[in-house]
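Dumped work10.pdb below, it's PDB, C-alpha atoms and all ligand atoms:
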```pdb
ATOM      1  CA  MET A   1      80.496  86.475  77.709
ATOM      2  CA  THR A   2      79.089  89.540  75.975
ATOM      3  CA  ILE A   3      75.368  90.120  76.351
ATOM      4  CA  PRO A   4      74.026  91.756  73.178
ATOM      5  CA  THR A   5      71.825  94.844  73.033
ATOM      6  CA  LEU A   6      68.664  94.655  70.919
ATOM      7  CA  THR A   7      66.794  97.658  69.580
ATOM      8  CA  THR A   8      63.119  97.689  68.561
ATOM      9  CA  SER A   9      61.020 100.574  67.307
ATOM     10  CA  ARG A  10      60.274 101.867  70.828
ATOM     11  CA  LEU A  11      62.572  99.919  73.163
ATOM     12  CA  ILE A  12      66.157  99.026  73.918
ATOM     13  CA  LEU A  13      66.906  95.639  75.474
ATOM     14  CA  ARG A  14      70.285  96.053  77.144
ATOM     15  CA  PRO A  15      72.283  94.083  79.730
ATOM     16  CA  ILE A  16      71.095  94.395  83.327
ATOM     17  CA  GLU A  17      73.371  96.691  85.360
ATOM     18  CA  ASN A  18      73.802  97.718  89.016
ATOM     19  CA  GLY A  19      72.160 101.090  88.346
ATOM     20  CA  ASP A  20      68.866  99.286  87.642
ATOM     21  CA  VAL A  21      68.254  98.394  91.318
ATOM     22  CA  ASP A  22      66.112 101.456  92.130
ATOM     23  CA  GLY A  23      64.014 101.183  88.971
ATOM     24  CA  PHE A  24      63.367  97.480  89.437
ATOM     25  CA  THR A  25      62.580  97.992  93.138
ATOM     26  CA  ARG A  26      59.913 100.556  92.211
ATOM     27  CA  ILE A  27      58.428  98.142  89.654
ATOM     28  CA  TRP A  28      58.546  94.990  91.820
ATOM     29  CA  SER A  29      57.255  96.655  95.013
ATOM     30  CA  ASP A  30      53.875  97.328  93.342
ATOM     31  CA  PRO A  31      51.450  94.633  94.635
ATOM     32  CA  GLU A  32      49.331  94.754  91.470
ATOM     33  CA  PHE A  33      52.404  94.171  89.272
ATOM     34  CA  ALA A  34      53.613  91.337  91.516
ATOM     35  CA  ARG A  35      50.253  89.619  92.011
ATOM     36  CA  HIS A  36      51.000  86.569  89.837
ATOM     37  CA  VAL A  37      54.776  86.507  90.085
ATOM     38  CA  GLY A  38      55.472  85.641  93.696
ATOM     39  CA  GLY A  39      54.319  88.853  95.421
ATOM     40  CA  PRO A  40      56.001  92.212  95.928
ATOM     41  CA  VAL A  41      59.760  92.503  96.311
ATOM     42  CA  THR A  42      60.380  95.717  98.224
ATOM     43  CA  SER A  43      63.974  95.402  99.361
ATOM     44  CA  PRO A  44      66.732  96.616  97.026
ATOM     45  CA  ASP A  45      68.902  93.749  98.326
ATOM     46  CA  ALA A  46      66.376  91.148  97.194
ATOM     47  CA  VAL A  47      65.984  92.925  93.857
ATOM     48  CA  TRP A  48      69.767  92.888  93.383
ATOM     49  CA  HIS A  49      69.795  89.120  94.018
ATOM     50  CA  GLN A  50      67.063  88.706  91.394
ATOM     51  CA  MET A  51      69.210  90.701  88.946
ATOM     52  CA  ALA A  52      72.245  88.560  89.763
ATOM     53  CA  GLY A  53      70.140  85.441  89.070
ATOM     54  CA  CYS A  54      69.214  86.862  85.655
ATOM     55  CA  LEU A  55      72.851  87.538  84.795
ATOM     56  CA  GLY A  56      73.687  84.050  86.098
ATOM     57  CA  CYS A  57      71.221  82.624  83.582
ATOM     58  CA  TRP A  58      73.202  84.339  80.790
ATOM     59  CA  LEU A  59      76.482  82.893  82.064
ATOM     60  CA  LEU A  60      75.131  79.382  82.567
ATOM     61  CA  THR A  61      73.052  79.059  79.402
ATOM     62  CA  GLY A  62      74.031  81.799  76.927
ATOM     63  CA  VAL A  63      70.544  83.364  77.047
ATOM     64  CA  GLY A  64      68.712  85.398  79.661
ATOM     65  CA  PRO A  65      66.619  88.459  80.472
ATOM     66  CA  TRP A  66      67.466  92.037  79.469
ATOM     67  CA  SER A  67      66.616  95.362  81.062
ATOM     68  CA  VAL A  68      63.974  97.051  78.924
ATOM     69  CA  VAL A  69      64.445 100.788  78.379
ATOM     70  CA  GLU A  70      61.974 103.107  76.648
ATOM     71  CA  ARG A  71      63.871 104.781  73.824
ATOM     72  CA  ALA A  72      61.887 108.029  73.893
ATOM     73  CA  SER A  73      62.515 108.737  77.589
ATOM     74  CA  GLY A  74      65.530 106.590  78.489
ATOM     75  CA  THR A  75      63.438 105.172  81.365
ATOM     76  CA  LEU A  76      63.816 101.616  82.635
ATOM     77  CA  VAL A  77      60.339 100.125  82.125
ATOM     78  CA  GLY A  78      60.869  96.438  82.848
ATOM     79  CA  ARG A  79      62.702  93.246  82.187
ATOM     80  CA  ALA A  80      62.153  90.787  79.358
ATOM     81  CA  GLY A  81      63.963  88.121  77.439
ATOM     82  CA  LEU A  82      64.688  84.454  77.865
ATOM     83  CA  TRP A  83      65.026  81.775  80.496
ATOM     84  CA  ASP A  84      66.552  78.315  80.090
ATOM     85  CA  GLU A  85      66.330  76.618  83.463
ATOM     86  CA  PRO A  86      67.048  72.870  83.799
ATOM     87  CA  GLY A  87      63.782  70.923  83.992
ATOM     88  CA  TRP A  88      61.874  73.697  82.200
ATOM     89  CA  PRO A  89      59.556  72.800  79.278
ATOM     90  CA  GLY A  90      61.983  74.518  76.880
ATOM     91  CA  VAL A  91      63.543  77.918  76.299
ATOM     92  CA  GLU A  92      61.052  80.384  77.715
ATOM     93  CA  ALA A  93      60.274  83.942  76.672
ATOM     94  CA  LEU A  94      59.460  86.126  79.668
ATOM     95  CA  TRP A  95      58.092  89.620  80.130
ATOM     96  CA  TYR A  96      57.794  91.985  83.094
ATOM     97  CA  ILE A  97      56.704  95.560  82.403
ATOM     98  CA  GLY A  98      56.130  98.086  85.217
ATOM     99  CA  ARG A  99      52.508  99.108  85.730
ATOM    100  CA  PRO A 100      52.919 102.745  84.567
ATOM    101  CA  TRP A 101      53.753 101.346  81.117
ATOM    102  CA  TRP A 102      51.031  98.698  80.763
ATOM    103  CA  GLY A 103      48.716  98.868  77.771
ATOM    104  CA  ARG A 104      51.315 100.043  75.255
ATOM    105  CA  GLY A 105      52.335  96.711  73.741
ATOM    106  CA  TYR A 106      55.843  96.874  75.203
ATOM    107  CA  ALA A 107      55.781  93.255  76.459
ATOM    108  CA  VAL A 108      54.931  91.895  73.021
ATOM    109  CA  GLU A 109      57.491  94.158  71.333
ATOM    110  CA  ALA A 110      60.303  93.130  73.705
ATOM    111  CA  ALA A 111      59.431  89.428  73.672
ATOM    112  CA  ALA A 112      59.202  89.390  69.868
ATOM    113  CA  ALA A 113      62.748  90.756  69.611
ATOM    114  CA  ALA A 114      63.995  88.143  72.095
ATOM    115  CA  ILE A 115      62.258  85.267  70.278
ATOM    116  CA  THR A 116      63.657  86.334  66.905
ATOM    117  CA  TRP A 117      67.117  86.653  68.447
ATOM    118  CA  VAL A 118      67.134  83.214  70.123
ATOM    119  CA  LEU A 119      65.754  81.387  67.069
ATOM    120  CA  ARG A 120      68.673  82.817  65.071
ATOM    121  CA  LEU A 121      71.179  82.000  67.807
ATOM    122  CA  ARG A 122      70.021  78.399  68.196
ATOM    123  CA  PRO A 123      69.099  76.850  64.843
ATOM    124  CA  GLU A 124      68.214  73.555  66.558
ATOM    125  CA  LEU A 125      65.506  75.170  68.687
ATOM    126  CA  GLU A 126      62.058  74.033  67.488
ATOM    127  CA  ARG A 127      59.950  76.324  69.632
ATOM    128  CA  VAL A 128      59.930  79.029  72.300
ATOM    129  CA  CYS A 129      57.517  78.630  75.192
ATOM    130  CA  ALA A 130      55.986  80.594  78.048
ATOM    131  CA  ALA A 131      54.923  79.276  81.459
ATOM    132  CA  ILE A 132      52.044  81.298  82.906
ATOM    133  CA  VAL A 133      49.814  80.777  85.942
ATOM    134  CA  PRO A 134      46.233  80.586  84.604
ATOM    135  CA  ALA A 135      45.029  83.590  86.621
ATOM    136  CA  ASN A 136      47.562  85.890  84.932
ATOM    137  CA  LEU A 137      45.224  86.869  82.124
ATOM    138  CA  ARG A 138      47.276  89.876  80.953
ATOM    139  CA  SER A 139      50.243  87.605  80.444
ATOM    140  CA  VAL A 140      48.110  85.016  78.659
ATOM    141  CA  ARG A 141      47.063  87.788  76.242
ATOM    142  CA  VAL A 142      50.720  88.623  75.616
ATOM    143  CA  ALA A 143      51.414  84.957  74.787
ATOM    144  CA  GLN A 144      48.429  84.866  72.440
ATOM    145  CA  ARG A 145      49.502  88.084  70.713
ATOM    146  CA  LEU A 146      52.871  86.411  70.153
ATOM    147  CA  GLY A 147      51.057  83.609  68.338
ATOM    148  CA  MET A 148      51.666  81.134  71.157
ATOM    149  CA  ARG A 149      49.266  78.247  71.666
ATOM    150  CA  ARG A 150      48.515  76.272  74.785
ATOM    151  CA  THR A 151      50.459  72.996  74.784
ATOM    152  CA  GLY A 152      49.815  71.654  78.283
ATOM    153  CA  ALA A 153      50.417  72.327  81.953
ATOM    154  CA  GLU A 154      53.390  71.804  84.264
ATOM    155  CA  TYR A 155      54.078  72.134  87.956
ATOM    156  CA  LEU A 156      57.028  74.541  88.169
ATOM    157  CA  HIS A 157      58.357  76.404  91.207
ATOM    158  CA  GLU A 158      55.561  74.964  93.351
ATOM    159  CA  GLU A 159      52.730  76.219  91.134
ATOM    160  CA  THR A 160      50.791  74.848  88.187
ATOM    161  CA  HIS A 161      51.599  76.799  85.026
ATOM    162  CA  THR A 162      49.936  76.636  81.640
ATOM    163  CA  ILE A 163      52.536  76.163  78.921
ATOM    164  CA  TYR A 164      52.191  78.158  75.710
ATOM    165  CA  ALA A 165      54.529  77.822  72.736
ATOM    166  CA  VAL A 166      55.191  79.139  69.267
ATOM    167  CA  SER A 167      57.040  76.953  66.763
ATOM    168  CA  ARG A 168      59.936  78.153  64.643
ATOM    169  CA  GLU A 169      57.803  77.609  61.547
ATOM    170  CA  ASP A 170      54.878  79.659  62.823
ATOM    171  CA  TRP A 171      57.232  82.406  64.056
ATOM    172  CA  SER A 172      58.941  82.739  60.687
ATOM    173  CA  GLY A 173      55.613  83.710  59.098
ATOM    174  CA  ARG A 174      55.007  86.662  61.419
ATOM    175  CA  PRO A 175      55.554  90.261  60.326
ATOM    176  CA  ASP A 176      57.505  91.044  63.536
ATOM    177  CA  ALA A 177      59.783  87.991  63.139
ATOM    178  CA  GLY A 178      62.473  90.109  61.540
ATOM    179  CA  SER A 179      62.612  92.827  64.206
TER     180      SER A 179
HETATM  181  C1  LIG A 201      52.081  90.691  81.637
HETATM  182  C2  LIG A 201      52.358  92.144  81.316
HETATM  183  C3  LIG A 201      53.749  92.311  80.766
HETATM  184  C4  LIG A 201      51.329  92.585  80.273
HETATM  185  O1  LIG A 201      51.417  93.985  80.085
HETATM  186  P1  LIG A 201      50.464  94.700  79.052
HETATM  187  O2  LIG A 201      50.827  96.122  79.011
HETATM  188  O3  LIG A 201      49.056  94.296  79.317
HETATM  189  O4  LIG A 201      50.849  93.947  77.725
HETATM  190  P2  LIG A 201      51.435  94.586  76.432
HETATM  191  O5  LIG A 201      52.654  95.341  76.761
HETATM  192  O6  LIG A 201      51.562  93.546  75.398
HETATM  193  O7  LIG A 201      50.286  95.603  76.021
HETATM  194  C5  LIG A 201      49.170  95.094  75.365
HETATM  195  C6  LIG A 201      48.037  96.018  75.566
HETATM  196  O8  LIG A 201      48.444  97.297  75.089
HETATM  197  C7  LIG A 201      47.558  97.738  74.051
HETATM  198  N1  LIG A 201      48.413  98.438  73.084
HETATM  199  C8  LIG A 201      48.502  99.777  73.015
HETATM  200  N2  LIG A 201      49.385 100.110  72.057
HETATM  201  C9  LIG A 201      49.871  98.964  71.531
HETATM  202  C10 LIG A 201      50.804  98.668  70.513
HETATM  203  N3  LIG A 201      51.443  99.649  69.833
HETATM  204  N4  LIG A 201      51.060  97.370  70.231
HETATM  205  C11 LIG A 201      50.429  96.371  70.891
HETATM  206  N5  LIG A 201      49.544  96.597  71.874
HETATM  207  C12 LIG A 201      49.253  97.888  72.181
HETATM  208  C13 LIG A 201      46.897  96.495  73.525
HETATM  209  O9  LIG A 201      45.611  96.790  73.029
HETATM  210  C14 LIG A 201      46.859  95.605  74.738
HETATM  211  O10 LIG A 201      45.727  95.875  75.517
HETATM  212  P3  LIG A 201      44.628  94.742  75.764
HETATM  213  O11 LIG A 201      45.358  93.552  76.337
HETATM  214  O12 LIG A 201      43.705  95.366  76.716
HETATM  215  O13 LIG A 201      44.067  94.431  74.431
HETATM  216  C15 LIG A 201      52.222  93.043  82.570
HETATM  217  O14 LIG A 201      50.913  92.934  83.032
HETATM  218  C16 LIG A 201      53.189  92.657  83.660
HETATM  219  O15 LIG A 201      54.381  92.943  83.587
HETATM  220  N6  LIG A 201      52.671  92.015  84.710
HETATM  221  C17 LIG A 201      53.460  91.663  85.876
HETATM  222  C18 LIG A 201      54.559  90.658  85.599
HETATM  223  C19 LIG A 201      54.023  89.405  84.955
HETATM  224  O16 LIG A 201      52.987  88.891  85.367
HETATM  225  N7  LIG A 201      54.766  88.899  83.974
HETATM  226  C20 LIG A 201      54.413  87.683  83.284
HETATM  227  C21 LIG A 201      54.826  86.470  84.029
HETATM  228  S1  LIG A 201      54.287  84.996  83.185
END
```
What is this file in structure tokens?
Amino acid sequence: MTIPTLTTSRLILRPIENGDVDGFTRIWSDPEFARHVGGPVTSPDAVWHQMAGCLGCWLLTGVGPWSVVERASGTLVGRAGLWDEPGWPGVEALWYIGRPWWGRGYAVEAAAAAITWVLRLRPELERVCAAIVPANLRSVRVAQRLGMRRTGAEYLHEETHTIYAVSREDWSGRPDAGS
């Protein structure tokens, strides 16, 4: 399959590649970054396996996460996109931005492009969700900025997650829905 590349005003979402191992290892080895997402991952081997899992998601489901690159600098700043795991509360938008780039709105910008893309790709999809542990307040703010509302809670990957979602109808009314 061909994974598309998406471009936003400040970011490029491109397929994950082997050369991303060092950048992702720097991002994931930061304990503050990793606090709510399973703890630090410091070994490049483990990071590569994570990347392979992301590309596996694309192959198995036709959607998945992208590497997020800052257009101005060409720097890898994170990973964002989609996740469609069996047993999940729906197609999920996900966002991981390295700590040096927090506070710039990159997570919202990347996730908005991914949501717009998947709603076009799958006309039958009624909503896009996010599963967030309640303590991850920064991520909750990202979901809220995306217009997502709390719809319930689910026990996923051995942890209780709050589920947020935005409907196709609500998304279509947003100014960033066309990005
Ligand atoms: C969750 C995470 C992506 C949020 O990062 P973030 O930088 O706080 O979120 P955004 O990229 O949307 O930035 C929003 C902040 O940038 C500010 N900002 C600056 N310029 C902005 C712009 N042009 N547009 C939007 N927001 C902007 C906003 O005011 C906002 O700050 P506030 O929340 O204090 O009001 C980041 O903390 C992270 O990657 N954490 C680790 C991984 C993780 O937990 N992922 C989620 C798993 S569910």
A:Gly147, A:Gly53, A:Pro175, A:Gly98 ranked by distance to ligand LIG 201 (chain A), top pick (using only C-alpha atoms and all ligand atoms):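 Under the stated criterion, the closest residue is A:Gly98.
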Residue contacts of A:Thr162 (8 Å, all atoms listed in the file) excluding same-chain residues fewer than 4 positions away, as JSON, numbers by chain: {"A": [131, 132, 133, 134, 150, 151, 152, 153, 154]}
Go ahead and save the residues from that selection, with C-alpha atoms, as a PDB file, keeping the file's coordinate frame.
```pdb
ATOM      1  CA  ALA A 131      54.923  79.276  81.459  1.00  0.00           C
ATOM      2  CA  ILE A 132      52.044  81.298  82.906  1.00  0.00           C
ATOM      3  CA  VAL A 133      49.814  80.777  85.942  1.00  0.00           C
ATOM      4  CA  PRO A 134      46.233  80.586  84.604  1.00  0.00           C
ATOM      5  CA  ARG A 150      48.515  76.272  74.785  1.00  0.00           C
ATOM      6  CA  THR A 151      50.459  72.996  74.784  1.00  0.00           C
ATOM      7  CA  GLY A 152      49.815  71.654  78.283  1.00  0.00           C
ATOM      8  CA  ALA A 153      50.417  72.327  81.953  1.00  0.00           C
ATOM      9  CA  GLU A 154      53.390  71.804  84.264  1.00  0.00           C
TER      10      GLU A 154
END
```
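Relative to atom CA of A:Ala135, atom CA of A:Val68 is found at 24.5 Å.
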Evaluate the PyMOL selection byres (((chain A and resi 96) around 6) and not hetatm) and report residues as a VMD selection string: chain A and resid 78 to 80 95 97
A:Pro65, A:Gly56, A:Pro40, A:Pro89 ranked by distance to A:Ala130, top pick (using only C-alpha atoms):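 Of A:Pro65, A:Gly56, A:Pro40, A:Pro89, the one nearest A:Ala130, counting only C-alpha atoms, is A:Pro89.
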Picked residues, the PyMOL selection byres (((not hetatm)) within 8 of (chain A and resi 201)), expected as JSON, numbers by chain: {"A": [32, 33, 34, 35, 36, 37, 78, 94, 95, 96, 97, 98, 99, 101, 102, 103, 104, 105, 106, 107, 108, 109, 130, 131, 132, 133, 136, 137, 138, 139, 140, 141, 142, 145]}
Atom CA of A:Trp66 to atom CA of A:Ile12, straight-line distance in Å: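 Distance between the two atoms: 9.0 Å.
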Nearby residues (all atoms listed in the file) at most 10 Å from A:Ser43, same-chain spacing under 6 positions excluded, as an MDAnalysis selection string: chainID A and resid 21:22 25:26 28:29
Option closest in space to A:Trp117, from A:Ala93, A:Asp84, A:Tyr155, A:Gly19 [counting all atoms listed in the file]: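 Using all atoms listed in the file, the shortest distance to A:Trp117 belongs to A:Ala93.
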Spatial neighbours of stretch 165-172 of chain A, 6 Å, all atoms listed in the file, chain gap at least 6 places, as a ChimeraX atom specification: /A:126-129,148-149
From A:Ile27, A:Ile16, A:Leu119, A:Leu55, residue lying nearest A:Met1 [all atoms listed in the file]: A:Leu55
Polymer residues at most 9 Å from A:Trp83, all atoms listed in the file, same-chain spacing of 2 or more positions, as an MDAnalysis selection string: chainID A and resid 54 57:58 61 63:65 81 85 88 90:94
Distance criterion (all atoms listed in the file): nearest to A:Ile115 out of A:Gly178, A:Gly74, A:Gly62, A:Pro100: A:Gly178
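Coordinates place atom CA of A:Ser9 at a distance of 25.8 Å from atom CA of A:Leu125.
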How big is the axis-aligned box around the listed atoms of stretch 122-140 of chain A once 3 Å is added on each side, and where is its centre? Give both in Å to one decimal, as AutoDock Vina command-line options.
```
--center_x 57.5 --center_y 81.7 --center_z 75.7 --size_x 31.0 --size_y 22.3 --size_z 27.8
```
Hits of the PyMOL selection byres (((chain A and resi 15) around 7) and not hetatm) in this structure, as a PyMOL selection string: chain A and resi 3+5+14+16-17+66-67
Among the residues A:Gly87, A:Thr42, A:Trp48, A:Thr160, the one that comes closest to A:Asn18 [using only C-alpha atoms]: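 Ranked by minimum distance to A:Asn18, first place goes to A:Trp48.
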Start from the incomplete input, build N, CA and C atoms for stretch 102-120 of chain A, and deliver everything as an mmCIF file, keeping the file's coordinate frame.
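Result written to selection.cif:
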```
data_model
loop_
_atom_site.group_PDB
_atom_site.id
_atom_site.type_symbol
_atom_site.label_atom_id
_atom_site.label_comp_id
_atom_site.auth_asym_id
_atom_site.auth_seq_id
_atom_site.Cartn_x
_atom_site.Cartn_y
_atom_site.Cartn_z
ATOM 1 N N TRP A 102 51.933 99.720 81.304
ATOM 2 C CA TRP A 102 51.031 98.698 80.763
ATOM 3 C C TRP A 102 50.149 99.322 79.672
ATOM 4 N N GLY A 103 49.679 98.444 78.787
ATOM 5 C CA GLY A 103 48.716 98.868 77.771
ATOM 6 C C GLY A 103 49.346 99.555 76.573
ATOM 7 N N ARG A 104 50.644 99.415 76.406
ATOM 8 C CA ARG A 104 51.315 100.043 75.255
ATOM 9 C C ARG A 104 51.878 99.016 74.275
ATOM 10 N N GLY A 105 51.779 97.734 74.623
ATOM 11 C CA GLY A 105 52.335 96.711 73.741
ATOM 12 C C GLY A 105 53.826 96.495 73.925
ATOM 13 N N TYR A 106 54.391 97.024 75.004
ATOM 14 C CA TYR A 106 55.843 96.874 75.203
ATOM 15 C C TYR A 106 56.247 95.416 75.443
ATOM 16 N N ALA A 107 55.408 94.648 76.162
ATOM 17 C CA ALA A 107 55.781 93.255 76.459
ATOM 18 C C ALA A 107 55.887 92.451 75.160
ATOM 19 N N VAL A 108 54.916 92.624 74.289
ATOM 20 C CA VAL A 108 54.931 91.895 73.021
ATOM 21 C C VAL A 108 56.128 92.334 72.180
ATOM 22 N N GLU A 109 56.381 93.637 72.151
ATOM 23 C CA GLU A 109 57.491 94.158 71.333
ATOM 24 C C GLU A 109 58.841 93.613 71.825
ATOM 25 N N ALA A 110 59.032 93.614 73.147
ATOM 26 C CA ALA A 110 60.303 93.130 73.705
ATOM 27 C C ALA A 110 60.444 91.624 73.511
ATOM 28 N N ALA A 111 59.356 90.890 73.787
ATOM 29 C CA ALA A 111 59.431 89.428 73.672
ATOM 30 C C ALA A 111 59.649 89.013 72.222
ATOM 31 N N ALA A 112 59.027 89.735 71.285
ATOM 32 C CA ALA A 112 59.202 89.390 69.868
ATOM 33 C C ALA A 112 60.666 89.521 69.466
ATOM 34 N N ALA A 113 61.326 90.581 69.945
ATOM 35 C CA ALA A 113 62.748 90.756 69.611
ATOM 36 C C ALA A 113 63.577 89.620 70.216
ATOM 37 N N ALA A 114 63.237 89.214 71.431
ATOM 38 C CA ALA A 114 63.995 88.143 72.095
ATOM 39 C C ALA A 114 63.784 86.802 71.384
ATOM 40 N N ILE A 115 62.546 86.542 70.957
ATOM 41 C CA ILE A 115 62.258 85.267 70.278
ATOM 42 C C ILE A 115 62.999 85.200 68.944
ATOM 43 N N THR A 116 62.941 86.300 68.185
ATOM 44 C CA THR A 116 63.657 86.334 66.905
ATOM 45 C C THR A 116 65.145 86.098 67.131
ATOM 46 N N TRP A 117 65.684 86.754 68.154
ATOM 47 C CA TRP A 117 67.117 86.653 68.447
ATOM 48 C C TRP A 117 67.502 85.215 68.796
ATOM 49 N N VAL A 118 66.727 84.555 69.668
ATOM 50 C CA VAL A 118 67.134 83.214 70.123
ATOM 51 C C VAL A 118 66.928 82.165 69.020
ATOM 52 N N LEU A 119 65.940 82.357 68.157
ATOM 53 C CA LEU A 119 65.754 81.387 67.069
ATOM 54 C C LEU A 119 66.895 81.480 66.059
ATOM 55 N N ARG A 120 67.484 82.691 65.931
ATOM 56 C CA ARG A 120 68.673 82.817 65.071
ATOM 57 C C ARG A 120 69.901 82.234 65.751
#
```
